[in-house]
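What follows is one structure encoded as structure tokens, with my remarks underneath.
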Amino acid sequence: MCTQILGELASIVGANGLLLEDAAAPFLVDWRGRYTGRAQAVVRPGNVQEVAAVMQVCARHGTPVVPQGGNTGLCGGATPDESGEAIVLSLTRLNAVRSIDTDNDTMVVDAGCTLSAVQEAARACGRLFPLSLAAEGTCTIGGNLATNAGGTQVLRYGNARDLALGLEVVTPDGEIWNGLRGLRKDNTGYDLRDLYIGSEGTLGVITGATLKLYPMPAAQRTAILALASVDDAVRLLSRARKGFGPSLTAFEVMAGSVLHDVVRLFPPQRLPFEGPSAVASYFALLELSDMESEEHAQAQFENVLGVAMEEGLILDAVIAESMTQSKAFWHLRESIPLAEADPGKSIKHDVSVPIS
């Protein structure tokens, strides 16, 4: 451990912004407990200027830097190695919503804002920020962008890359690049934003972002469906995309065995089926966001699902009768990682393939 660099870092972020030994321990292990590293310190700057100053000091000393958001990743990318030479740069103190422009449907936020805080700030202004995933109460928008997170509404809104218009980034040598533009029609040269999104902190540290906002839907409908096979799920998705068009916001296929683990491990939760449907091989969670009305959403939902049932693509269906029941359906989906982690270390399989 180099006392000189620690002294310089403390002078930038203050004593409370520099975590050592036991205080640093929670930042040195990944969410699954599979990877544990060592670091000289965990540095928690309070603004972008402090991030830049920290990066300048580390560049001068040749000290590796591991950027970290909410530390909810499953691949070890936010965990330092075992050499103990690196510092962990935690962005969680950068947590301000800087501005919201409802005329332009954009908001500018610090990278350390949790995803749920971004969602709530948008909702308070009558807008929707659609990125949604199980760790949204803890994960940060900087981490979402650094990993180009997908979430549950990719069908309608795309990955995190599609939801960002601009970035603020600190480079490895401590320069601040301000690319916080809010233009949708922007054809000015190289798109450095897209270079940094998905780079997982290897090219620079994302400290702020300009995000797209959307109108709040007039109505939502959620259903959980019992299915016989993955082939039926693929055909059902095709039917849903044709019937709902852009209103289809989510379609999550889940193995029955995994959901049965959720119900077994977390007794308050239950599958809303009885008889053979309760032990189906697969289930799908389907959500529609309608911009017209409750009546239009209900009619569209019943028509498309009714036809799918007549065609034998669905064994059984339960439509949420309230927002509480809809959240209960989603809670089943979001509890899957916890259920998989309960027996011990688990192998993640978050891979993408063409639907066909």
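Labeling convention for the structure tokens: chains A, B, ... as they appear, residues from 1 per chain, ligands from 1 in order of appearance.
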Residues within 8 Å of stretch 180-182 of chain A, only C-alpha atoms, excluding chain neighbours under 6 positions, as a list of chain:residue names: A:Asn104, A:Thr106, A:Val108, A:Leu165, A:Gly166, A:Leu167, A:Glu168, A:Gly208, A:Ala209, A:Thr210, A:Leu211
Please write the residues from the selection above to a file, keeping all heavy atoms, as a PDB file, in the first residue's frame.
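Contents of the output file part_6.pdb:
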```
ATOM      1  N   ASN A 104     -38.367  18.749 -24.080  1.00  0.00           N
ATOM      2  CA  ASN A 104     -37.454  17.956 -24.906  1.00  0.00           C
ATOM      3  C   ASN A 104     -37.514  16.474 -24.546  1.00  0.00           C
ATOM      4  O   ASN A 104     -36.885  15.649 -25.206  1.00  0.00           O
ATOM      5  CB  ASN A 104     -36.019  18.468 -24.730  1.00  0.00           C
ATOM      6  CG  ASN A 104     -35.076  17.977 -25.806  1.00  0.00           C
ATOM      7  OD1 ASN A 104     -35.406  17.980 -26.992  1.00  0.00           O
ATOM      8  ND2 ASN A 104     -33.901  17.532 -25.403  1.00  0.00           N
ATOM      9  N   THR A 106     -36.178  14.896 -21.918  1.00  0.00           N
ATOM     10  CA  THR A 106     -34.846  14.421 -21.531  1.00  0.00           C
ATOM     11  C   THR A 106     -34.607  14.738 -20.064  1.00  0.00           C
ATOM     12  O   THR A 106     -35.233  15.620 -19.482  1.00  0.00           O
ATOM     13  CB  THR A 106     -33.724  15.091 -22.354  1.00  0.00           C
ATOM     14  OG1 THR A 106     -33.847  16.522 -22.258  1.00  0.00           O
ATOM     15  CG2 THR A 106     -33.768  14.671 -23.803  1.00  0.00           C
ATOM     16  N   VAL A 108     -31.037  14.917 -17.266  1.00  0.00           N
ATOM     17  CA  VAL A 108     -29.589  14.789 -17.080  1.00  0.00           C
ATOM     18  C   VAL A 108     -29.352  14.352 -15.644  1.00  0.00           C
ATOM     19  O   VAL A 108     -29.845  14.979 -14.700  1.00  0.00           O
ATOM     20  CB  VAL A 108     -28.868  16.113 -17.360  1.00  0.00           C
ATOM     21  CG1 VAL A 108     -27.353  15.942 -17.177  1.00  0.00           C
ATOM     22  CG2 VAL A 108     -29.171  16.605 -18.777  1.00  0.00           C
ATOM     23  N   LEU A 165     -28.839   9.898 -24.844  1.00  0.00           N
ATOM     24  CA  LEU A 165     -28.532  10.848 -25.913  1.00  0.00           C
ATOM     25  C   LEU A 165     -27.136  11.440 -25.773  1.00  0.00           C
ATOM     26  O   LEU A 165     -26.528  11.850 -26.755  1.00  0.00           O
ATOM     27  CB  LEU A 165     -29.564  11.986 -25.922  1.00  0.00           C
ATOM     28  CG  LEU A 165     -30.975  11.598 -26.360  1.00  0.00           C
ATOM     29  CD1 LEU A 165     -31.946  12.725 -26.058  1.00  0.00           C
ATOM     30  CD2 LEU A 165     -30.999  11.263 -27.843  1.00  0.00           C
ATOM     31  N   GLY A 166     -26.624  11.493 -24.560  1.00  0.00           N
ATOM     32  CA  GLY A 166     -25.306  12.089 -24.351  1.00  0.00           C
ATOM     33  C   GLY A 166     -24.677  11.600 -23.070  1.00  0.00           C
ATOM     34  O   GLY A 166     -25.356  11.065 -22.181  1.00  0.00           O
ATOM     35  N   LEU A 167     -23.367  11.776 -22.959  1.00  0.00           N
ATOM     36  CA  LEU A 167     -22.620  11.340 -21.782  1.00  0.00           C
ATOM     37  C   LEU A 167     -21.642  12.417 -21.335  1.00  0.00           C
ATOM     38  O   LEU A 167     -21.201  13.259 -22.125  1.00  0.00           O
ATOM     39  CB  LEU A 167     -21.803  10.074 -22.075  1.00  0.00           C
ATOM     40  CG  LEU A 167     -22.508   8.768 -22.406  1.00  0.00           C
ATOM     41  CD1 LEU A 167     -21.456   7.679 -22.628  1.00  0.00           C
ATOM     42  CD2 LEU A 167     -23.478   8.368 -21.326  1.00  0.00           C
ATOM     43  N   GLU A 168     -21.298  12.345 -20.068  1.00  0.00           N
ATOM     44  CA  GLU A 168     -20.136  13.042 -19.513  1.00  0.00           C
ATOM     45  C   GLU A 168     -19.184  11.956 -19.041  1.00  0.00           C
ATOM     46  O   GLU A 168     -19.601  11.038 -18.332  1.00  0.00           O
ATOM     47  CB  GLU A 168     -20.574  13.918 -18.353  1.00  0.00           C
ATOM     48  CG  GLU A 168     -19.427  14.611 -17.625  1.00  0.00           C
ATOM     49  CD  GLU A 168     -19.968  15.321 -16.398  1.00  0.00           C
ATOM     50  OE1 GLU A 168     -20.238  14.633 -15.386  1.00  0.00           O
ATOM     51  OE2 GLU A 168     -20.133  16.545 -16.457  1.00  0.00           O
ATOM     52  N   GLY A 208     -21.916  11.159 -15.951  1.00  0.00           N
ATOM     53  CA  GLY A 208     -23.232  11.762 -16.134  1.00  0.00           C
ATOM     54  C   GLY A 208     -23.819  11.324 -17.455  1.00  0.00           C
ATOM     55  O   GLY A 208     -23.110  10.837 -18.340  1.00  0.00           O
ATOM     56  N   ALA A 209     -25.135  11.487 -17.595  1.00  0.00           N
ATOM     57  CA  ALA A 209     -25.801  11.059 -18.824  1.00  0.00           C
ATOM     58  C   ALA A 209     -27.039  11.893 -19.084  1.00  0.00           C
ATOM     59  O   ALA A 209     -27.735  12.319 -18.152  1.00  0.00           O
ATOM     60  CB  ALA A 209     -26.185   9.577 -18.740  1.00  0.00           C
ATOM     61  N   THR A 210     -27.305  12.146 -20.368  1.00  0.00           N
ATOM     62  CA  THR A 210     -28.580  12.704 -20.804  1.00  0.00           C
ATOM     63  C   THR A 210     -29.430  11.551 -21.308  1.00  0.00           C
ATOM     64  O   THR A 210     -29.025  10.835 -22.231  1.00  0.00           O
ATOM     65  CB  THR A 210     -28.388  13.734 -21.934  1.00  0.00           C
ATOM     66  OG1 THR A 210     -27.506  14.763 -21.483  1.00  0.00           O
ATOM     67  CG2 THR A 210     -29.723  14.356 -22.335  1.00  0.00           C
ATOM     68  N   LEU A 211     -30.593  11.365 -20.699  1.00  0.00           N
ATOM     69  CA  LEU A 211     -31.431  10.203 -20.971  1.00  0.00           C
ATOM     70  C   LEU A 211     -32.727  10.609 -21.665  1.00  0.00           C
ATOM     71  O   LEU A 211     -33.252  11.702 -21.447  1.00  0.00           O
ATOM     72  CB  LEU A 211     -31.767   9.488 -19.655  1.00  0.00           C
ATOM     73  CG  LEU A 211     -30.573   9.069 -18.792  1.00  0.00           C
ATOM     74  CD1 LEU A 211     -31.067   8.538 -17.456  1.00  0.00           C
ATOM     75  CD2 LEU A 211     -29.715   8.036 -19.511  1.00  0.00           C
TER      76      LEU A 211
END
```
Close residues, A:Pro217 itself excluded, 9 Å, only C-alpha atoms, min 2 positions apart in chain, as a PyMOL selection string: chain A and resi 128+214-215+219-220+289-293
Test item, strand (DSSP E) assignment across stretch 202-281 of chain A, answer as a PyMOL selection string: chain A and resi 205-212+214-215+219-227+248-255
Dump of N, CA, C and O atoms for the selected residues, as a CSV table (one decimal), in the first residue's frame:
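The new file part-v4.csv reads:
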```
chain,number,residue,atom,x,y,z
A,205,VAL,N,-14.5,6.8,-17.4
A,205,VAL,CA,-15.4,6.6,-16.3
A,205,VAL,C,-16.6,7.5,-16.6
A,205,VAL,O,-16.5,8.8,-16.7
A,206,ILE,N,-17.8,6.9,-16.8
A,206,ILE,CA,-19.0,7.7,-17.1
A,206,ILE,C,-19.4,8.3,-15.8
A,206,ILE,O,-19.6,7.7,-14.8
A,207,THR,N,-19.6,9.7,-15.8
A,207,THR,CA,-20.0,10.4,-14.6
A,207,THR,C,-21.4,11.1,-14.7
A,207,THR,O,-21.9,11.5,-13.7
A,208,GLY,N,-21.9,11.2,-16.0
A,208,GLY,CA,-23.2,11.8,-16.1
A,208,GLY,C,-23.8,11.3,-17.5
A,208,GLY,O,-23.1,10.8,-18.3
A,209,ALA,N,-25.1,11.5,-17.6
A,209,ALA,CA,-25.8,11.1,-18.8
A,209,ALA,C,-27.0,11.9,-19.1
A,209,ALA,O,-27.7,12.3,-18.2
A,210,THR,N,-27.3,12.1,-20.4
A,210,THR,CA,-28.6,12.7,-20.8
A,210,THR,C,-29.4,11.6,-21.3
A,210,THR,O,-29.0,10.8,-22.2
A,211,LEU,N,-30.6,11.4,-20.7
A,211,LEU,CA,-31.4,10.2,-21.0
A,211,LEU,C,-32.7,10.6,-21.7
A,211,LEU,O,-33.3,11.7,-21.4
A,212,LYS,N,-33.3,9.7,-22.5
A,212,LYS,CA,-34.5,9.9,-23.1
A,212,LYS,C,-35.7,9.6,-22.2
A,212,LYS,O,-35.6,8.6,-21.4
A,214,TYR,N,-40.1,9.3,-22.0
A,214,TYR,CA,-41.3,8.9,-22.9
A,214,TYR,C,-42.6,9.3,-22.1
A,214,TYR,O,-42.6,9.4,-20.9
A,215,PRO,N,-43.7,9.4,-22.9
A,215,PRO,CA,-45.0,9.6,-22.2
A,215,PRO,C,-45.3,8.4,-21.4
A,215,PRO,O,-45.0,7.3,-21.7
A,219,ALA,N,-52.6,3.0,-20.1
A,219,ALA,CA,-53.0,1.8,-19.4
A,219,ALA,C,-51.9,0.7,-19.6
A,219,ALA,O,-51.2,0.7,-20.6
A,220,GLN,N,-51.8,-0.2,-18.7
A,220,GLN,CA,-50.9,-1.4,-18.8
A,220,GLN,C,-51.7,-2.6,-18.4
A,220,GLN,O,-52.6,-2.6,-17.6
A,221,ARG,N,-51.4,-3.7,-19.1
A,221,ARG,CA,-51.9,-5.0,-18.8
A,221,ARG,C,-50.8,-6.0,-18.7
A,221,ARG,O,-49.9,-6.0,-19.6
A,222,THR,N,-50.9,-6.8,-17.7
A,222,THR,CA,-49.9,-7.8,-17.5
A,222,THR,C,-50.5,-9.2,-17.3
A,222,THR,O,-51.6,-9.3,-16.7
A,223,ALA,N,-49.9,-10.2,-17.9
A,223,ALA,CA,-50.4,-11.6,-17.8
A,223,ALA,C,-49.3,-12.5,-17.6
A,223,ALA,O,-48.2,-12.3,-18.2
A,224,ILE,N,-49.5,-13.6,-16.9
A,224,ILE,CA,-48.6,-14.7,-16.8
A,224,ILE,C,-49.3,-15.9,-17.5
A,224,ILE,O,-50.4,-16.2,-17.2
A,225,LEU,N,-48.5,-16.6,-18.4
A,225,LEU,CA,-49.1,-17.6,-19.2
A,225,LEU,C,-48.4,-18.9,-19.0
A,225,LEU,O,-47.1,-18.9,-18.9
A,226,ALA,N,-49.1,-20.0,-19.0
A,226,ALA,CA,-48.5,-21.3,-18.9
A,226,ALA,C,-48.3,-21.9,-20.3
A,226,ALA,O,-49.3,-21.8,-21.1
A,227,LEU,N,-47.1,-22.4,-20.6
A,227,LEU,CA,-46.8,-22.8,-21.9
A,227,LEU,C,-46.3,-24.3,-21.9
A,227,LEU,O,-45.7,-24.7,-20.9
A,248,LEU,N,-46.4,-3.8,-27.2
A,248,LEU,CA,-45.8,-4.9,-26.5
A,248,LEU,C,-44.5,-4.5,-25.9
A,248,LEU,O,-43.6,-4.2,-26.6
A,249,THR,N,-44.5,-4.4,-24.6
A,249,THR,CA,-43.3,-3.9,-23.9
A,249,THR,C,-42.4,-4.9,-23.3
A,249,THR,O,-41.3,-4.7,-23.0
A,250,ALA,N,-43.0,-6.1,-22.9
A,250,ALA,CA,-42.2,-7.1,-22.3
A,250,ALA,C,-42.8,-8.5,-22.6
A,250,ALA,O,-44.0,-8.7,-22.7
A,251,PHE,N,-41.8,-9.4,-22.8
A,251,PHE,CA,-42.2,-10.8,-23.0
A,251,PHE,C,-41.0,-11.7,-22.5
A,251,PHE,O,-40.0,-11.8,-23.1
A,252,GLU,N,-41.2,-12.2,-21.3
A,252,GLU,CA,-40.2,-12.9,-20.6
A,252,GLU,C,-40.6,-14.4,-20.5
A,252,GLU,O,-41.6,-14.7,-19.8
A,253,VAL,N,-39.8,-15.3,-21.0
A,253,VAL,CA,-40.0,-16.7,-20.9
A,253,VAL,C,-39.2,-17.3,-19.8
A,253,VAL,O,-38.0,-17.0,-19.7
A,254,MET,N,-39.8,-18.1,-18.9
A,254,MET,CA,-39.2,-18.6,-17.8
A,254,MET,C,-39.4,-20.1,-17.7
A,254,MET,O,-40.5,-20.6,-17.9
A,255,ALA,N,-38.4,-20.8,-17.3
A,255,ALA,CA,-38.6,-22.3,-17.1
A,255,ALA,C,-39.4,-22.5,-15.8
A,255,ALA,O,-39.2,-21.9,-14.8
```
List as a Markdown table every residue of stretch 20-131 of chain A that is in contact with stretch 143-151 of chain A, defined as an atom at most 10 Å from one of its atoms (using only C-alpha atoms), together with the nearest atom pair and the distance in Å rounded to one decimal, sorted by chain and then rising number.
```
| residue | atom | partner | partner_atom | distance |
| --- | --- | --- | --- | --- |
| A:Pro67 | CA | A:Gly143 | CA | 9.0 |
| A:Gln68 | CA | A:Gly143 | CA | 7.3 |
| A:Gly69 | CA | A:Gly143 | CA | 5.2 |
| A:Gly70 | CA | A:Gly143 | CA | 7.1 |
| A:Asn71 | CA | A:Gly143 | CA | 8.4 |
| A:Thr72 | CA | A:Gly143 | CA | 8.8 |
| A:Gly73 | CA | A:Gly143 | CA | 8.5 |
| A:Gly77 | CA | A:Thr147 | CA | 9.5 |
| A:Ala78 | CA | A:Gly143 | CA | 9.3 |
| A:Leu91 | CA | A:Gly143 | CA | 9.3 |
| A:Ala111 | CA | A:Gly143 | CA | 7.6 |
| A:Gly112 | CA | A:Gly143 | CA | 8.2 |
| A:Cys113 | CA | A:Gly143 | CA | 9.8 |
| A:Thr114 | CA | A:Gly143 | CA | 9.4 |
| A:Leu115 | CA | A:Asn144 | CA | 8.2 |
| A:Pro130 | CA | A:Gly151 | CA | 9.1 |
| A:Leu131 | CA | A:Gly151 | CA | 6.1 |
```
Test item, alpha helix (DSSP H) assignment across stretch 79-313 of chain A, answer as a PyMOL selection string: chain A and resi 115-124+141-146+154-157+192-196+230-244+256-265+294-310
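Close contacts of A:Glu340, defined as residues with an atom at most 8 Å away when counting only C-alpha atoms, with chain neighbours fewer than 4 positions off set aside, comprise A:Val258, A:Asp261, A:Ile336, A:Gly344, A:Ser346.
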Only N, CA, C and O atoms, please: the residues just picked out, written as an mmCIF file, in the first residue's frame.
```cif
data_model
loop_
_atom_site.group_PDB
_atom_site.id
_atom_site.type_symbol
_atom_site.label_atom_id
_atom_site.label_comp_id
_atom_site.auth_asym_id
_atom_site.auth_seq_id
_atom_site.Cartn_x
_atom_site.Cartn_y
_atom_site.Cartn_z
ATOM 1 N N VAL A 258 -37.453 -23.226 -12.555
ATOM 2 C CA VAL A 258 -36.878 -22.077 -11.856
ATOM 3 C C VAL A 258 -37.950 -21.361 -11.033
ATOM 4 O O VAL A 258 -37.722 -20.988 -9.883
ATOM 5 N N ASP A 261 -38.682 -23.120 -7.912
ATOM 6 C CA ASP A 261 -37.681 -22.833 -6.882
ATOM 7 C C ASP A 261 -38.003 -21.522 -6.168
ATOM 8 O O ASP A 261 -37.849 -21.415 -4.946
ATOM 9 N N ILE A 336 -35.832 -14.640 -9.450
ATOM 10 C CA ILE A 336 -35.099 -15.785 -10.010
ATOM 11 C C ILE A 336 -33.615 -15.756 -9.644
ATOM 12 O O ILE A 336 -33.070 -16.781 -9.201
ATOM 13 N N GLY A 344 -26.094 -21.913 -3.477
ATOM 14 C CA GLY A 344 -24.648 -21.704 -3.543
ATOM 15 C C GLY A 344 -24.287 -20.948 -4.805
ATOM 16 O O GLY A 344 -25.113 -20.234 -5.371
ATOM 17 N N SER A 346 -23.707 -20.070 -8.586
ATOM 18 C CA SER A 346 -24.490 -20.488 -9.750
ATOM 19 C C SER A 346 -23.807 -20.023 -11.024
ATOM 20 O O SER A 346 -23.066 -19.044 -11.025
#
```
Point-to-point distance from atom CA of A:Ser335 to atom CA of A:Val262, Å rounded to tenths: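 Computing the Euclidean distance for atom CA of A:Ser335 and atom CA of A:Val262 yields 6.5 Å.
The residue set within 12 Å of A:Arg235, counting only C-alpha atoms and dropping same-chain residues fewer than 4 places from it, reads Leu227, Ala228, Ser229, Val230, Asp231, Arg239, Ala240, Arg241, Lys242, Ala308, Met309, Glu311, Gly312, Leu313, Ile314, Ile355 and Ser356 of chain A.
Near A:Pro268, within 12 Å and counting only C-alpha atoms, sit Val262, Val263, Arg264, Leu265, Leu271, Ala328, His331, Leu332 and Ser335 of chain A; same-chain residues fewer than 3 positions away were not included.
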Create the file for the chosen residues now, containing N, CA, C and O atoms and written as a compact mmCIF listing (two decimals), in the first residue's frame.
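Saved file part-v3.txt follows:
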```txt
# COMPACT_ATOMS: atom_id res chain seq x y z
N VAL A 262 -38.43 -20.52 -6.93
CA VAL A 262 -38.80 -19.23 -6.33
C VAL A 262 -39.91 -19.42 -5.31
O VAL A 262 -39.84 -18.94 -4.17
N VAL A 263 -40.95 -20.15 -5.71
CA VAL A 263 -42.10 -20.36 -4.82
C VAL A 263 -41.70 -21.17 -3.59
O VAL A 263 -42.16 -20.91 -2.47
N ARG A 264 -40.81 -22.15 -3.79
CA ARG A 264 -40.39 -23.00 -2.67
C ARG A 264 -39.54 -22.22 -1.67
O ARG A 264 -39.69 -22.38 -0.45
N LEU A 265 -38.66 -21.35 -2.18
CA LEU A 265 -37.73 -20.64 -1.30
C LEU A 265 -38.32 -19.39 -0.67
O LEU A 265 -37.89 -18.95 0.39
N LEU A 271 -47.38 -19.13 -7.67
CA LEU A 271 -47.84 -19.11 -9.05
C LEU A 271 -49.37 -19.07 -9.05
O LEU A 271 -50.01 -19.82 -8.30
N ALA A 328 -46.78 -8.40 -8.33
CA ALA A 328 -46.52 -9.74 -7.79
C ALA A 328 -46.01 -10.67 -8.89
O ALA A 328 -45.11 -11.49 -8.66
N HIS A 331 -42.52 -9.72 -9.51
CA HIS A 331 -41.68 -10.11 -8.38
C HIS A 331 -41.22 -11.56 -8.52
O HIS A 331 -40.09 -11.91 -8.15
N LEU A 332 -42.08 -12.41 -9.08
CA LEU A 332 -41.67 -13.78 -9.37
C LEU A 332 -40.47 -13.79 -10.30
O LEU A 332 -39.48 -14.48 -10.07
N SER A 335 -37.22 -12.44 -8.71
CA SER A 335 -36.66 -13.26 -7.63
C SER A 335 -35.85 -14.44 -8.15
O SER A 335 -35.22 -15.15 -7.35
```
Distance criterion (only C-alpha atoms): nearest to A:Leu28 out of A:Pro45, A:Pro64, A:Pro80, A:Pro337: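 So, comparing all the options, the nearest one is A:Pro80.
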A:Ala117 surroundings by only C-alpha atoms, 12 Å radius, close-in-sequence under 3 positions cut, as number ranges by chain: A: 95-97, 109-114, 120-124, 129, 131-132, 136-141
Those residues with all heavy atoms, as a compact mmCIF listing (two decimals), in the first residue's frame please?
```txt
# COMPACT_ATOMS: atom_id res chain seq x y z
N ASN A 95 -24.96 11.26 -7.16
CA ASN A 95 -26.32 10.73 -7.23
C ASN A 95 -27.40 11.80 -7.42
O ASN A 95 -28.53 11.64 -6.99
CB ASN A 95 -26.63 9.90 -5.98
CG ASN A 95 -26.46 10.71 -4.70
OD1 ASN A 95 -26.26 11.92 -4.73
ND2 ASN A 95 -26.55 10.03 -3.57
N ALA A 96 -27.05 12.89 -8.09
CA ALA A 96 -28.01 13.97 -8.29
C ALA A 96 -28.73 13.85 -9.63
O ALA A 96 -28.13 13.43 -10.63
CB ALA A 96 -27.32 15.33 -8.21
N VAL A 97 -30.03 14.20 -9.63
CA VAL A 97 -30.74 14.45 -10.88
C VAL A 97 -30.49 15.91 -11.21
O VAL A 97 -30.98 16.82 -10.52
CB VAL A 97 -32.24 14.16 -10.73
CG1 VAL A 97 -32.98 14.55 -12.01
CG2 VAL A 97 -32.49 12.69 -10.41
N VAL A 109 -28.62 13.26 -15.48
CA VAL A 109 -28.42 12.67 -14.15
C VAL A 109 -26.95 12.34 -13.93
O VAL A 109 -26.20 12.12 -14.88
CB VAL A 109 -29.26 11.39 -13.96
CG1 VAL A 109 -30.74 11.68 -14.16
CG2 VAL A 109 -28.81 10.28 -14.91
N ASP A 110 -26.57 12.30 -12.66
CA ASP A 110 -25.25 11.78 -12.30
C ASP A 110 -25.22 10.27 -12.50
O ASP A 110 -26.25 9.58 -12.38
CB ASP A 110 -24.95 12.06 -10.83
CG ASP A 110 -24.54 13.50 -10.56
OD1 ASP A 110 -24.34 14.25 -11.52
OD2 ASP A 110 -24.44 13.87 -9.36
N ALA A 111 -24.04 9.75 -12.75
CA ALA A 111 -23.89 8.31 -13.00
C ALA A 111 -24.20 7.45 -11.79
O ALA A 111 -24.55 6.28 -11.93
CB ALA A 111 -22.48 8.01 -13.49
N GLY A 112 -24.10 8.01 -10.59
CA GLY A 112 -24.34 7.23 -9.39
C GLY A 112 -25.78 7.17 -8.95
O GLY A 112 -26.09 6.53 -7.93
N CYS A 113 -26.69 7.79 -9.70
CA CYS A 113 -28.12 7.66 -9.40
C CYS A 113 -28.54 6.21 -9.58
O CYS A 113 -28.21 5.58 -10.59
CB CYS A 113 -28.95 8.53 -10.35
SG CYS A 113 -28.96 10.27 -9.98
N THR A 114 -29.29 5.69 -8.62
CA THR A 114 -29.82 4.35 -8.83
C THR A 114 -30.86 4.39 -9.94
O THR A 114 -31.49 5.42 -10.20
CB THR A 114 -30.46 3.79 -7.55
OG1 THR A 114 -31.58 4.61 -7.19
CG2 THR A 114 -29.45 3.72 -6.42
N GLU A 120 -38.20 7.14 -10.71
CA GLU A 120 -39.09 7.91 -9.86
C GLU A 120 -39.06 9.40 -10.21
O GLU A 120 -40.10 10.08 -10.19
CB GLU A 120 -38.72 7.70 -8.39
CG GLU A 120 -39.05 6.30 -7.88
CD GLU A 120 -38.36 5.98 -6.57
OE1 GLU A 120 -37.77 6.91 -5.97
OE2 GLU A 120 -38.40 4.80 -6.16
N ALA A 121 -37.88 9.93 -10.53
CA ALA A 121 -37.79 11.34 -10.91
C ALA A 121 -38.54 11.60 -12.21
O ALA A 121 -39.22 12.63 -12.35
CB ALA A 121 -36.32 11.73 -11.06
N ALA A 122 -38.45 10.67 -13.15
CA ALA A 122 -39.20 10.81 -14.40
C ALA A 122 -40.69 10.74 -14.13
O ALA A 122 -41.48 11.55 -14.65
CB ALA A 122 -38.77 9.73 -15.39
N ARG A 123 -41.10 9.78 -13.31
CA ARG A 123 -42.53 9.59 -13.01
C ARG A 123 -43.12 10.83 -12.32
O ARG A 123 -44.28 11.18 -12.56
CB ARG A 123 -42.70 8.35 -12.13
CG ARG A 123 -44.13 7.85 -12.01
CD ARG A 123 -44.20 6.58 -11.18
NE ARG A 123 -43.38 5.52 -11.75
CZ ARG A 123 -42.34 4.97 -11.14
NH1 ARG A 123 -41.97 5.39 -9.94
NH2 ARG A 123 -41.65 4.02 -11.72
N ALA A 124 -42.33 11.48 -11.47
CA ALA A 124 -42.82 12.67 -10.77
C ALA A 124 -43.13 13.81 -11.73
O ALA A 124 -43.90 14.71 -11.40
CB ALA A 124 -41.78 13.12 -9.74
N PHE A 129 -39.17 6.62 -17.73
CA PHE A 129 -37.85 6.13 -18.15
C PHE A 129 -37.94 4.62 -18.11
O PHE A 129 -38.06 4.01 -17.04
CB PHE A 129 -36.73 6.62 -17.23
CG PHE A 129 -35.38 6.16 -17.69
CD1 PHE A 129 -34.83 6.64 -18.88
CD2 PHE A 129 -34.65 5.21 -16.98
CE1 PHE A 129 -33.60 6.19 -19.34
CE2 PHE A 129 -33.42 4.76 -17.43
CZ PHE A 129 -32.89 5.26 -18.61
N LEU A 131 -36.12 1.79 -18.81
CA LEU A 131 -35.19 0.72 -18.44
C LEU A 131 -35.61 0.14 -17.10
O LEU A 131 -35.86 0.86 -16.13
CB LEU A 131 -33.76 1.27 -18.35
CG LEU A 131 -32.67 0.24 -18.06
CD1 LEU A 131 -32.54 -0.76 -19.20
CD2 LEU A 131 -31.33 0.93 -17.81
N SER A 132 -35.71 -1.19 -17.04
CA SER A 132 -36.17 -1.85 -15.82
C SER A 132 -35.50 -3.21 -15.70
O SER A 132 -35.46 -3.97 -16.66
CB SER A 132 -37.69 -2.01 -15.84
OG SER A 132 -38.16 -2.66 -14.67
N GLU A 136 -32.83 -2.82 -9.91
CA GLU A 136 -32.99 -1.38 -10.12
C GLU A 136 -32.93 -0.56 -8.84
O GLU A 136 -32.64 0.64 -8.88
CB GLU A 136 -34.28 -1.09 -10.87
CG GLU A 136 -35.53 -1.53 -10.19
CD GLU A 136 -36.74 -1.55 -11.14
OE1 GLU A 136 -36.56 -1.73 -12.36
OE2 GLU A 136 -37.85 -1.38 -10.63
N GLY A 137 -33.18 -1.15 -7.68
CA GLY A 137 -33.08 -0.39 -6.44
C GLY A 137 -31.65 -0.14 -6.01
O GLY A 137 -31.40 0.73 -5.16
N THR A 138 -30.70 -0.87 -6.59
CA THR A 138 -29.30 -0.78 -6.19
C THR A 138 -28.37 -0.41 -7.34
O THR A 138 -27.41 0.35 -7.15
CB THR A 138 -28.82 -2.12 -5.59
OG1 THR A 138 -29.74 -2.52 -4.57
CG2 THR A 138 -27.44 -1.99 -4.99
N CYS A 139 -28.62 -0.95 -8.52
CA CYS A 139 -27.74 -0.66 -9.66
C CYS A 139 -27.80 0.82 -10.02
O CYS A 139 -28.78 1.51 -9.75
CB CYS A 139 -28.11 -1.52 -10.86
SG CYS A 139 -29.71 -1.14 -11.60
N THR A 140 -26.73 1.33 -10.63
CA THR A 140 -26.66 2.75 -10.97
C THR A 140 -26.73 2.94 -12.48
O THR A 140 -26.39 2.05 -13.26
CB THR A 140 -25.36 3.38 -10.45
OG1 THR A 140 -24.24 2.74 -11.09
CG2 THR A 140 -25.24 3.22 -8.94
N ILE A 141 -27.15 4.14 -12.87
CA ILE A 141 -27.31 4.41 -14.30
C ILE A 141 -25.95 4.38 -15.01
O ILE A 141 -25.87 3.98 -16.17
CB ILE A 141 -28.03 5.76 -14.53
CG1 ILE A 141 -28.62 5.80 -15.94
CG2 ILE A 141 -27.13 6.94 -14.25
CD1 ILE A 141 -29.76 4.83 -16.16
```
Neighbour list for A:Glu21 as a PyMOL selection string, cut-off 10 Å, only C-alpha atoms, skip fewer than 2 positions in-chain: chain A and resi 19+23-26+38-42
Those selected residues, please, written with C-alpha atoms and delivered as a CSV table (one decimal), in the first residue's frame.
```
chain,number,residue,atom,x,y,z
A,19,LEU,CA,-12.4,3.7,2.6
A,23,ALA,CA,-14.7,-0.4,5.5
A,24,ALA,CA,-13.6,-1.3,2.0
A,25,ALA,CA,-14.5,-5.0,2.2
A,26,PRO,CA,-18.1,-4.8,0.8
A,38,ARG,CA,-7.9,-6.7,-2.9
A,39,ALA,CA,-7.4,-2.9,-3.3
A,40,GLN,CA,-5.3,-0.2,-1.8
A,41,ALA,CA,-8.5,1.7,-1.1
A,42,VAL,CA,-12.0,2.4,-2.2
```
